[in-house]
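Enquirer: One file: input-v5.txt (compact mmCIF, C-alpha atoms and all ligand atoms).
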# COMPACT_ATOMS: atom_id res chain seq x y z
CA MET J 23 0.00 0.00 0.00
CA THR J 24 1.20 3.43 -0.89
CA LYS J 25 1.09 6.01 1.87
CA ASN J 26 -0.70 9.24 1.12
CA HIS J 27 2.14 11.72 0.87
CA LYS J 28 0.66 15.13 1.33
CA ARG J 29 3.14 17.64 -0.03
CA PHE J 30 4.25 17.94 -3.63
CA GLU J 31 7.99 17.83 -2.84
CA THR J 32 7.48 14.55 -0.97
CA ALA J 33 5.08 12.96 -3.45
CA VAL J 34 7.47 13.63 -6.32
CA ILE J 35 9.96 11.30 -4.59
CA HIS J 36 7.75 8.66 -2.93
CA GLU J 37 4.29 8.44 -4.50
CA GLY J 38 3.26 5.15 -6.07
CA TYR J 39 6.18 3.10 -4.80
CA ASP J 40 6.65 0.78 -1.83
CA GLU J 41 10.13 -0.75 -1.63
CA LYS J 42 8.80 -3.59 0.55
CA GLU J 43 7.14 -5.00 -2.54
CA MET J 44 10.47 -4.83 -4.40
CA LEU J 45 13.02 -6.59 -2.14
CA GLY J 46 13.78 -3.28 -0.43
CA SER J 47 15.18 -1.65 -3.54
CA LEU J 48 15.45 2.10 -2.87
CA ALA J 49 15.33 2.95 -6.56
CA VAL J 50 12.30 1.80 -8.51
CA PRO J 51 13.47 -1.38 -10.32
CA LEU J 52 13.55 -1.40 -14.09
CA PHE J 53 11.21 -4.15 -15.34
CA GLN J 54 12.72 -4.52 -18.78
CA THR J 55 10.40 -7.30 -19.88
CA SER J 56 7.95 -7.70 -22.70
CA THR J 57 5.76 -10.35 -21.13
CA TYR J 58 4.82 -12.03 -17.83
CA VAL J 59 4.70 -15.73 -17.01
CA PHE J 60 1.42 -17.25 -15.82
CA ASP J 61 1.54 -20.05 -13.22
CA THR J 62 -1.11 -21.99 -15.05
CA ALA J 63 -3.26 -21.79 -18.17
CA GLU J 64 -6.22 -21.03 -15.93
CA GLN J 65 -4.39 -18.07 -14.40
CA GLY J 66 -3.76 -16.74 -17.91
CA GLU J 67 -7.45 -17.09 -18.62
CA ARG J 68 -8.36 -15.20 -15.44
CA ARG J 69 -5.90 -12.38 -16.19
CA PHE J 70 -7.29 -11.93 -19.70
CA HIS J 71 -10.80 -12.12 -18.37
CA GLY J 72 -10.04 -9.40 -15.81
CA THR J 73 -11.10 -11.57 -12.84
CA GLU J 74 -7.54 -11.63 -11.50
CA GLU J 75 -5.25 -8.63 -11.13
CA GLY J 76 -1.77 -8.96 -12.57
CA TYR J 77 0.45 -8.22 -15.50
CA ILE J 78 -0.03 -9.87 -18.90
CA TYR J 79 2.10 -8.12 -21.50
CA SER J 80 4.02 -4.82 -21.32
CA ARG J 81 1.84 -3.00 -23.85
CA LEU J 82 -1.01 -3.54 -21.37
CA GLY J 83 1.00 -2.54 -18.30
CA ASN J 84 4.44 -2.66 -16.72
CA PRO J 85 5.39 -2.22 -13.04
CA THR J 86 8.03 0.48 -13.67
CA VAL J 87 5.69 2.45 -15.93
CA ARG J 88 2.87 1.99 -13.40
CA VAL J 89 4.83 3.76 -10.64
CA LEU J 90 5.33 6.75 -12.92
CA GLU J 91 1.64 6.79 -13.86
CA GLU J 92 0.60 6.80 -10.21
CA ARG J 93 3.11 9.49 -9.38
CA ILE J 94 2.10 11.91 -12.12
CA ALA J 95 -1.60 11.39 -11.28
CA ARG J 96 -0.91 12.44 -7.71
CA LEU J 97 1.20 15.44 -8.77
CA GLU J 98 -1.54 16.74 -11.07
CA ASN J 99 -4.20 15.97 -8.40
CA GLY J 100 -5.98 13.66 -10.84
CA GLU J 101 -7.53 10.26 -10.46
CA LYS J 102 -5.34 8.29 -12.85
CA GLY J 103 -2.30 8.66 -15.11
CA LEU J 104 -1.23 7.00 -18.35
CA ALA J 105 2.20 6.95 -20.01
CA PHE J 106 2.97 7.27 -23.73
CA ALA J 107 5.94 6.93 -26.05
CA SER J 108 6.07 10.67 -26.74
CA GLY J 109 4.20 13.88 -26.07
CA MET J 110 2.59 13.52 -29.50
CA ALA J 111 1.48 9.94 -28.75
CA ALA J 112 -0.28 11.42 -25.70
CA VAL J 113 -1.80 14.33 -27.65
CA SER J 114 -3.07 12.07 -30.45
CA ALA J 115 -4.48 9.45 -28.06
CA VAL J 116 -6.38 12.12 -26.10
CA LEU J 117 -7.77 13.87 -29.19
CA LEU J 118 -8.76 10.59 -30.85
CA SER J 119 -10.41 9.43 -27.62
CA LEU J 120 -12.53 12.56 -27.29
CA THR J 121 -13.65 12.96 -30.90
CA LYS J 122 -15.58 11.05 -33.55
CA ALA J 123 -16.01 11.77 -37.25
CA ASN J 124 -17.49 15.23 -38.04
CA ASP J 125 -16.83 16.65 -34.56
CA HIS J 126 -15.22 20.04 -33.91
CA VAL J 127 -12.25 20.99 -31.71
CA LEU J 128 -11.82 24.48 -30.28
CA CYS J 129 -8.17 25.34 -29.64
CA SER J 130 -6.16 28.14 -28.11
CA ALA J 131 -4.72 30.49 -30.74
CA GLY J 132 -1.29 28.92 -30.79
CA LEU J 133 -0.48 25.23 -30.56
CA TYR J 134 2.55 23.01 -30.67
CA GLY J 135 3.34 22.54 -34.40
CA CYS J 136 2.72 18.78 -34.53
CA THR J 137 -0.57 19.15 -32.63
CA PHE J 138 -1.58 21.55 -35.39
CA GLY J 139 -0.44 18.97 -37.97
CA LEU J 140 -2.48 16.25 -36.25
CA LEU J 141 -5.62 18.42 -36.38
CA MET J 142 -5.06 18.93 -40.12
CA MET J 143 -4.85 15.15 -40.54
CA MET J 144 -8.02 14.63 -38.49
CA LYS J 145 -9.82 17.09 -40.78
CA GLU J 146 -8.65 15.29 -43.89
CA LYS J 147 -9.41 11.78 -42.65
CA TYR J 148 -12.46 12.20 -40.41
CA ASN J 149 -13.79 15.68 -41.18
CA ILE J 150 -13.03 16.72 -37.61
CA THR J 151 -12.73 20.48 -37.95
CA SER J 152 -10.96 22.91 -35.63
CA ASP J 153 -11.04 26.60 -34.82
CA PHE J 154 -8.70 28.84 -32.92
CA SER J 155 -9.72 31.20 -30.19
CA MET J 156 -7.90 33.91 -28.25
CA MET J 157 -10.02 32.78 -25.28
CA ASP J 158 -9.78 36.25 -23.75
CA SER J 159 -13.50 36.67 -23.03
CA LYS J 160 -16.49 34.39 -22.44
CA GLU J 161 -18.33 35.93 -25.40
CA GLU J 162 -15.42 35.20 -27.72
CA ILE J 163 -15.20 31.56 -26.61
CA ARG J 164 -18.99 31.09 -26.82
CA SER J 165 -19.03 32.54 -30.34
CA LYS J 166 -16.65 29.81 -31.53
CA ILE J 167 -18.45 26.85 -29.94
CA LYS J 168 -20.55 24.74 -32.32
CA PRO J 169 -23.12 22.02 -31.64
CA GLU J 170 -20.50 19.45 -32.67
CA THR J 171 -17.68 20.86 -30.51
CA SER J 172 -16.46 17.90 -28.46
CA VAL J 173 -13.17 19.21 -27.01
CA ILE J 174 -11.63 22.50 -25.91
CA TYR J 175 -7.87 22.11 -26.24
CA VAL J 176 -5.59 24.65 -24.58
CA GLU J 177 -1.90 25.37 -24.18
CA THR J 178 -0.81 27.93 -21.62
CA PRO J 179 1.72 29.51 -21.80
CA ILE J 180 1.50 29.36 -25.59
CA ASN J 181 4.72 28.52 -27.36
CA PRO J 182 6.70 30.68 -28.22
CA THR J 183 4.94 33.97 -27.43
CA MET J 184 4.18 32.95 -23.84
CA LYS J 185 0.63 34.27 -24.07
CA LEU J 186 -1.47 32.95 -21.20
CA ILE J 187 -4.98 31.52 -21.30
CA ASP J 188 -7.20 32.12 -18.28
CA LEU J 189 -8.16 28.53 -17.45
CA GLU J 190 -10.86 29.53 -14.95
CA LEU J 191 -12.61 31.53 -17.68
CA VAL J 192 -12.37 28.66 -20.18
CA VAL J 193 -13.72 26.16 -17.65
CA GLU J 194 -16.70 28.40 -16.84
CA VAL J 195 -17.76 28.48 -20.48
CA ALA J 196 -16.97 24.80 -21.09
CA LYS J 197 -19.24 23.81 -18.17
CA GLU J 198 -22.16 25.72 -19.75
CA TYR J 199 -21.88 23.42 -22.77
CA ASN J 200 -20.57 20.34 -20.98
CA ILE J 201 -17.46 20.18 -23.17
CA PRO J 202 -14.26 18.64 -21.73
CA VAL J 203 -11.22 20.92 -21.43
CA VAL J 204 -7.79 19.45 -22.21
CA VAL J 205 -4.64 21.33 -21.17
CA ASP J 206 -1.15 20.73 -22.52
CA ASN J 207 0.75 21.55 -19.31
CA THR J 208 4.24 20.91 -20.73
CA PHE J 209 5.61 24.43 -20.21
CA SER J 210 4.45 24.78 -16.60
CA THR J 211 4.55 21.26 -15.11
CA PRO J 212 2.25 20.46 -12.16
CA TYR J 213 4.70 22.24 -9.87
CA LEU J 214 3.76 25.63 -11.34
CA GLN J 215 0.21 25.06 -12.57
CA ARG J 216 -2.47 22.42 -11.85
CA PRO J 217 -5.28 22.69 -14.41
CA LEU J 218 -7.36 19.86 -12.87
CA ASP J 219 -7.65 21.90 -9.65
CA ILE J 220 -9.18 24.71 -11.73
CA GLY J 221 -11.79 22.32 -13.16
CA CYS J 222 -10.14 21.21 -16.43
CA ASP J 223 -10.78 17.57 -17.34
CA VAL J 224 -7.55 16.24 -18.82
CA VAL J 225 -3.91 17.30 -18.49
CA LEU J 226 -1.17 16.09 -20.78
CA HIS J 227 2.57 16.53 -21.03
CA SER J 228 5.48 16.16 -23.30
CA ALA J 229 7.50 14.56 -20.49
CA THR J 230 10.48 15.02 -22.79
CA LYS J 231 10.76 18.56 -21.42
CA TYR J 232 10.76 19.61 -17.74
CA ILE J 233 9.44 16.32 -16.31
CA GLY J 234 12.41 14.38 -17.68
CA GLY J 235 14.54 17.49 -17.40
CA HIS J 236 17.80 16.00 -18.62
CA GLY J 237 17.45 15.92 -22.40
CA ASP J 238 17.74 12.14 -22.64
CA VAL J 239 14.23 10.82 -23.17
CA ILE J 240 11.16 11.37 -25.35
CA ALA J 241 7.90 10.58 -23.57
CA GLY J 242 4.34 11.67 -22.87
CA LEU J 243 1.93 11.57 -19.90
CA VAL J 244 -1.81 12.06 -19.47
CA VAL J 245 -3.85 12.51 -16.28
CA GLY J 246 -7.64 12.56 -15.94
CA LYS J 247 -10.70 10.85 -14.53
CA GLU J 248 -10.40 7.13 -13.89
CA GLU J 249 -13.06 6.17 -16.42
CA PHE J 250 -11.51 8.27 -19.19
CA ILE J 251 -7.98 6.98 -18.54
CA GLU J 252 -9.04 3.34 -18.29
CA ASN J 253 -10.93 3.64 -21.53
CA MET J 254 -7.89 5.19 -23.21
CA ALA J 255 -5.63 2.44 -21.81
CA MET J 256 -7.84 -0.19 -23.48
CA THR J 257 -8.26 1.63 -26.82
CA THR J 258 -6.01 4.44 -28.05
CA LEU J 259 -3.06 3.22 -25.98
CA LYS J 260 -3.42 -0.57 -26.29
CA ASP J 261 -4.61 -0.74 -29.88
CA ILE J 262 -2.68 2.13 -31.46
CA GLY J 263 0.26 1.11 -29.34
CA GLY J 264 2.27 4.23 -28.49
CA ILE J 265 3.36 2.92 -25.11
CA MET J 266 6.25 4.19 -22.99
CA SER J 267 9.22 1.87 -22.67
CA PRO J 268 10.09 0.76 -19.12
CA PHE J 269 13.54 2.31 -19.42
CA ASP J 270 12.07 5.69 -20.34
CA ALA J 271 9.75 5.46 -17.33
CA TRP J 272 12.76 4.66 -15.18
CA LEU J 273 14.62 7.74 -16.48
CA LEU J 274 11.55 9.91 -15.88
CA LEU J 275 11.15 8.67 -12.30
CA ARG J 276 14.74 9.68 -11.73
CA GLY J 277 14.29 13.09 -13.37
CA LEU J 278 10.99 13.79 -11.64
CA LYS J 279 12.48 13.57 -8.14
CA THR J 280 14.19 16.93 -8.62
CA LEU J 281 11.35 18.68 -10.47
CA PRO J 282 10.56 21.20 -7.70
CA VAL J 283 14.23 22.01 -7.13
CA ARG J 284 14.86 22.39 -10.85
CA MET J 285 11.74 24.47 -11.51
CA ASP J 286 12.63 26.85 -8.68
CA ARG J 287 16.04 27.40 -10.26
CA HIS J 288 14.74 27.59 -13.84
CA SER J 289 12.24 30.25 -12.74
CA GLU J 290 14.79 32.18 -10.70
CA ASN J 291 17.38 32.13 -13.50
CA ALA J 292 14.77 33.18 -16.07
CA SER J 293 13.72 36.15 -13.91
CA LYS J 294 17.32 37.31 -13.66
CA ILE J 295 17.87 36.94 -17.41
CA TYR J 296 14.60 38.75 -18.12
CA GLU J 297 15.73 41.73 -16.01
CA LYS J 298 19.02 41.89 -17.93
CA LEU J 299 17.41 41.50 -21.36
CA ARG J 300 15.05 44.35 -20.53
CA GLU J 301 17.93 46.73 -20.10
CA HIS J 302 19.83 45.73 -23.23
CA PRO J 303 19.59 48.17 -26.16
CA GLN J 304 19.74 45.39 -28.79
CA VAL J 305 16.70 43.61 -27.35
CA GLY J 306 13.20 44.47 -28.61
CA LYS J 307 9.98 42.89 -27.38
CA ILE J 308 10.23 40.33 -24.59
CA TYR J 309 7.60 37.67 -23.88
CA PHE J 310 7.74 36.33 -20.34
CA PRO J 311 4.98 35.34 -17.88
CA GLY J 312 6.91 37.09 -15.11
CA ASP J 313 6.72 40.48 -16.87
CA PRO J 314 4.61 42.65 -14.51
CA ASN J 315 3.69 44.98 -17.40
CA SER J 316 2.33 42.23 -19.62
CA ALA J 317 -1.41 42.08 -20.25
CA ASP J 318 -1.44 38.50 -18.98
CA TYR J 319 0.31 39.16 -15.68
CA SER J 320 -2.93 38.91 -13.68
CA ILE J 321 -3.56 35.47 -15.22
CA ALA J 322 -0.04 34.39 -14.30
CA GLU J 323 -0.60 35.52 -10.73
CA LYS J 324 -3.89 33.64 -10.57
CA GLN J 325 -2.93 30.26 -12.00
CA MET J 326 0.87 29.91 -11.95
CA SER J 327 2.97 29.76 -8.81
CA GLN J 328 6.11 30.98 -10.64
CA ASN J 329 7.05 32.28 -14.09
CA GLY J 330 8.85 29.17 -15.33
CA GLY J 331 12.03 29.00 -17.38
CA MET J 332 10.95 30.08 -20.87
CA ILE J 333 11.58 33.54 -22.35
CA SER J 334 11.12 34.72 -25.93
CA PHE J 335 12.60 37.99 -27.16
CA GLU J 336 13.33 39.91 -30.32
CA VAL J 337 16.83 40.84 -31.35
CA LYS J 338 16.69 44.26 -33.00
CA GLY J 339 17.56 44.05 -36.69
CA THR J 340 16.94 41.42 -39.33
CA LYS J 341 16.59 37.66 -39.47
CA GLN J 342 20.32 37.51 -40.28
CA ASP J 343 21.10 39.51 -37.15
CA ALA J 344 19.07 37.04 -35.08
CA GLN J 345 20.93 34.10 -36.62
CA GLU J 346 24.29 35.83 -36.24
CA PHE J 347 23.50 36.41 -32.56
CA MET J 348 22.79 32.69 -32.09
CA ASN J 349 25.95 31.66 -33.92
CA ARG J 350 28.06 33.80 -31.60
CA LEU J 351 26.90 32.08 -28.42
CA GLN J 352 29.67 30.20 -26.66
CA PHE J 353 28.12 27.53 -24.42
CA ILE J 354 24.41 28.13 -24.91
CA LYS J 355 23.25 25.43 -27.33
CA ILE J 356 21.29 25.99 -30.51
CA ALA J 357 18.63 23.30 -30.23
CA VAL J 358 14.86 22.83 -30.13
CA SER J 359 13.26 21.15 -27.10
CA LEU J 360 13.29 22.80 -23.70
CA GLY J 361 13.35 22.23 -19.98
CA ASP J 362 16.83 20.74 -19.82
CA ALA J 363 19.70 21.55 -17.48
CA GLU J 364 21.47 23.11 -20.47
CA THR J 365 20.32 26.51 -21.71
CA LEU J 366 18.86 25.99 -25.20
CA ILE J 367 18.09 28.61 -27.83
CA GLU J 368 16.11 28.33 -31.04
CA HIS J 369 14.70 30.48 -33.85
CA PRO J 370 10.93 29.74 -34.06
CA ALA J 371 10.35 31.31 -37.49
CA THR J 372 12.78 28.92 -39.20
CA MET J 373 12.67 25.98 -36.78
CA THR J 374 9.73 25.01 -34.54
CA HIS J 375 7.21 27.21 -36.37
CA ALA J 376 8.60 27.00 -39.91
CA VAL J 377 5.49 25.09 -41.01
CA VAL J 378 3.15 27.90 -39.93
CA PRO J 379 2.26 30.12 -42.93
CA GLU J 380 4.06 33.48 -42.72
CA GLU J 381 0.87 35.51 -42.31
CA SER J 382 -0.42 33.52 -39.31
CA ARG J 383 3.08 33.39 -37.93
CA LEU J 384 3.39 37.19 -37.91
CA GLU J 385 -0.15 37.51 -36.55
CA MET J 386 0.92 35.29 -33.63
CA GLY J 387 3.91 37.56 -33.02
CA ILE J 388 6.51 35.13 -34.36
CA SER J 389 8.73 37.59 -36.23
CA ASP J 390 11.99 36.75 -38.00
CA GLN J 391 13.85 38.38 -35.10
CA LEU J 392 12.15 36.31 -32.40
CA ILE J 393 14.34 34.01 -30.33
CA ARG J 394 13.11 31.39 -27.85
CA LEU J 395 15.28 30.73 -24.84
CA SER J 396 14.94 27.77 -22.49
CA VAL J 397 16.86 29.05 -19.49
CA GLY J 398 18.89 26.21 -17.99
CA LEU J 399 20.34 25.48 -14.59
CA GLU J 400 23.80 26.97 -15.13
CA ALA J 401 24.91 30.01 -13.09
CA TRP J 402 22.63 32.79 -14.35
CA GLU J 403 25.60 35.15 -14.54
CA ASP J 404 27.28 32.81 -17.05
CA ILE J 405 24.09 32.53 -19.10
CA TRP J 406 23.78 36.30 -19.16
CA GLU J 407 27.44 36.88 -20.04
CA ASP J 408 27.11 34.52 -22.99
CA LEU J 409 23.93 36.24 -24.22
CA GLU J 410 25.43 39.68 -23.66
CA GLN J 411 28.66 39.07 -25.57
CA ALA J 412 26.63 37.76 -28.52
CA LEU J 413 24.16 40.67 -28.37
CA ASP J 414 26.94 43.23 -28.20
CA VAL J 415 28.27 42.33 -31.64
CA VAL J 416 24.89 42.39 -33.42
C1 LIG J 501 7.50 19.08 -27.26
C2 LIG J 501 6.05 19.38 -27.10
C3 LIG J 501 5.06 18.48 -27.51
C4 LIG J 501 5.40 17.18 -28.21
O1 LIG J 501 6.09 16.31 -27.38
P1 LIG J 501 7.13 15.18 -27.88
O2 LIG J 501 7.57 14.57 -26.62
O3 LIG J 501 8.20 15.87 -28.65
O4 LIG J 501 6.33 14.25 -28.76
C5 LIG J 501 3.74 18.80 -27.27
N1 LIG J 501 3.40 19.98 -26.66
C6 LIG J 501 4.32 20.87 -26.28
C7 LIG J 501 3.89 22.14 -25.64
C8 LIG J 501 5.68 20.62 -26.47
O5 LIG J 501 6.59 21.51 -26.09
Please re-express this file's structure in structure tokens.
Expert:
Amino acid sequence: MTKNHKRFETAVIHEGYDEKEMLGSLAVPLFQTSTYVFDTAEQGERRFHGTEEGYIYSRLGNPTVRVLEERIARLENGEKGLAFASGMAAVSAVLLSLTKANDHVLCSAGLYGCTFGLLMMMKEKYNITSDFSMMDSKEEIRSKIKPETSVIYVETPINPTMKLIDLELVVEVAKEYNIPVVVDNTFSTPYLQRPLDIGCDVVLHSATKYIGGHGDVIAGLVVGKEEFIENMAMTTLKDIGGIMSPFDAWLLLRGLKTLPVRMDRHSENASKIYEKLREHPQVGKIYFPGDPNSADYSIAEKQMSQNGGMISFEVKGTKQDAQEFMNRLQFIKIAVSLGDAETLIEHPATMTHAVVPEESRLEMGISDQLIRLSVGLEAWEDIWEDLEQALDVV
């Protein structure tokens, strides 16, 4: 039996695991096995029939993965968790679970590029249409809801402009129509923001980012009501098959233990870098949830406990100036992905958001001069000195 660990910092280390069941092993053992041996043919029959608890085959469940699923469910304050091979395996399983042919999905105005690609595919194959909403007033959200709307799908902060969506507002409207709200909580993690507490129905993650935190695994997680998760486990997970490998779960359990410590430092470092960027003459617009002058600051104060580690900013000049600035960095790495110990920098217009048509890209604020920075865990002074020496020559 797992004890009920009350505080987040404790649960992140202990939830879902009892070493007494595992020969006293302090670390969660890695069950690197594809299948499980039945004592008898009759036991196999009972397991398949669901009349006896126990493992059958690792696509249907694995003890290492199970610990992670229980842990993330507790951290998000949800009933049940489910693990996937990637963030996109999680996104696609959730969207396919909640829609049928000819339905409609209402999304925040700004989505992870592959989520956008998936919605295009769903339109082509199943005539599932989608619309985008700023979600900044109830009237605006209501005006975009159709009789066939079956999901409201939200990212906050939105990548890369860090615009925030007021989840309380979205939930109020969604309840009027009885439409489930799904939140991609990748940028915030449950340490900074817990959408289920606000009344959202499903939370998902690219665990590749802050949850793993060490740039060595690609994975996805979903948390929601027991009935929804169990149904997904038996359909979009089991039959489409995008399961998490036991080794990846093992790496994530290791990474997750330090999530609160890492997020504190990511947020603190990002605040320091934001202050410095603000004073630099070569820096234009800055997008950061911790900016007290931003229009979204009141939303940040309401639903996020800290600003997180992501900052986007414009380098004054041209696209070439932005690229030149990146090329001059010494130890900051040019790479997509985020949430790692290493500070990572990327150019959304030509990298993560290159598929977005130029017009919508500019409308979203993704200019050719925009840079996205995932502030790492290095000494903030070193991060700043690297940015500064590169900015100074632009
Ligand atoms: C990276 C990311 C995804 C996709 O996750 P993968 O693990 O790369 O499949 C989805 N949503 C957001 C916000 C992301 O940053």
Enquirer: Could you tell me, counting all atoms listed in the file, which protein and nucleic acid residues lie no more than 6 Å from ligand LIG 501 (chain J), written as a ChimeraX atom specification?
Expert: /J:108-110,134,208,228,230,240-242
Enquirer: Go ahead and compute the interatomic distance for CA of Ala322 in chain J and CA of Asp188 in chain J, in Å to one decimal.
Expert: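 Between these atoms lies a distance of 8.5 Å.
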Enquirer: Hey, can you pull every residue with an atom no more than 10 Å from (-5.2, 22.9, -12.2), using all atoms listed in the file, and send it as a list in words?
Expert: Glu98, Asn99, Gly100, Leu189, Glu190, Val205, Asn207, Pro212, Leu214, Gln215, Arg216, Pro217, Leu218, Asp219, Ile220, Gly221, Cys222, Asp223, Val224, Val225, Gln325 and Met326 of chain J
Enquirer: Please return, as a ChimeraX atom specification, all polymer residues that have at least one atom within 9 Å of the point (14.0, 32.5, -26.1); use only C-alpha atoms and the file's own coordinate frame.
Expert: /J:182,308-309,332-336,366-370,392-397
Enquirer: Hey, what's within 12 Å of range 360-364 of chain J if we count all atoms listed in the file and toss same-chain stuff fewer than 4 positions away? As an NGL selection string, please?
Expert: :J and (181-182 or 208-211 or 228-240 or 277 or 280-281 or 283-285 or 287-289 or 291-292 or 330-333 or 353-356 or 368 or 374 or 394-402 or 404-405)
Enquirer: Would you work out the distance separating CA of Ile163 in chain J from CA of Leu384 in chain J, expressed in Å to one decimal?
Expert: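 Computing the Euclidean distance for CA of Ile163 in chain J and CA of Leu384 in chain J yields 22.5 Å.
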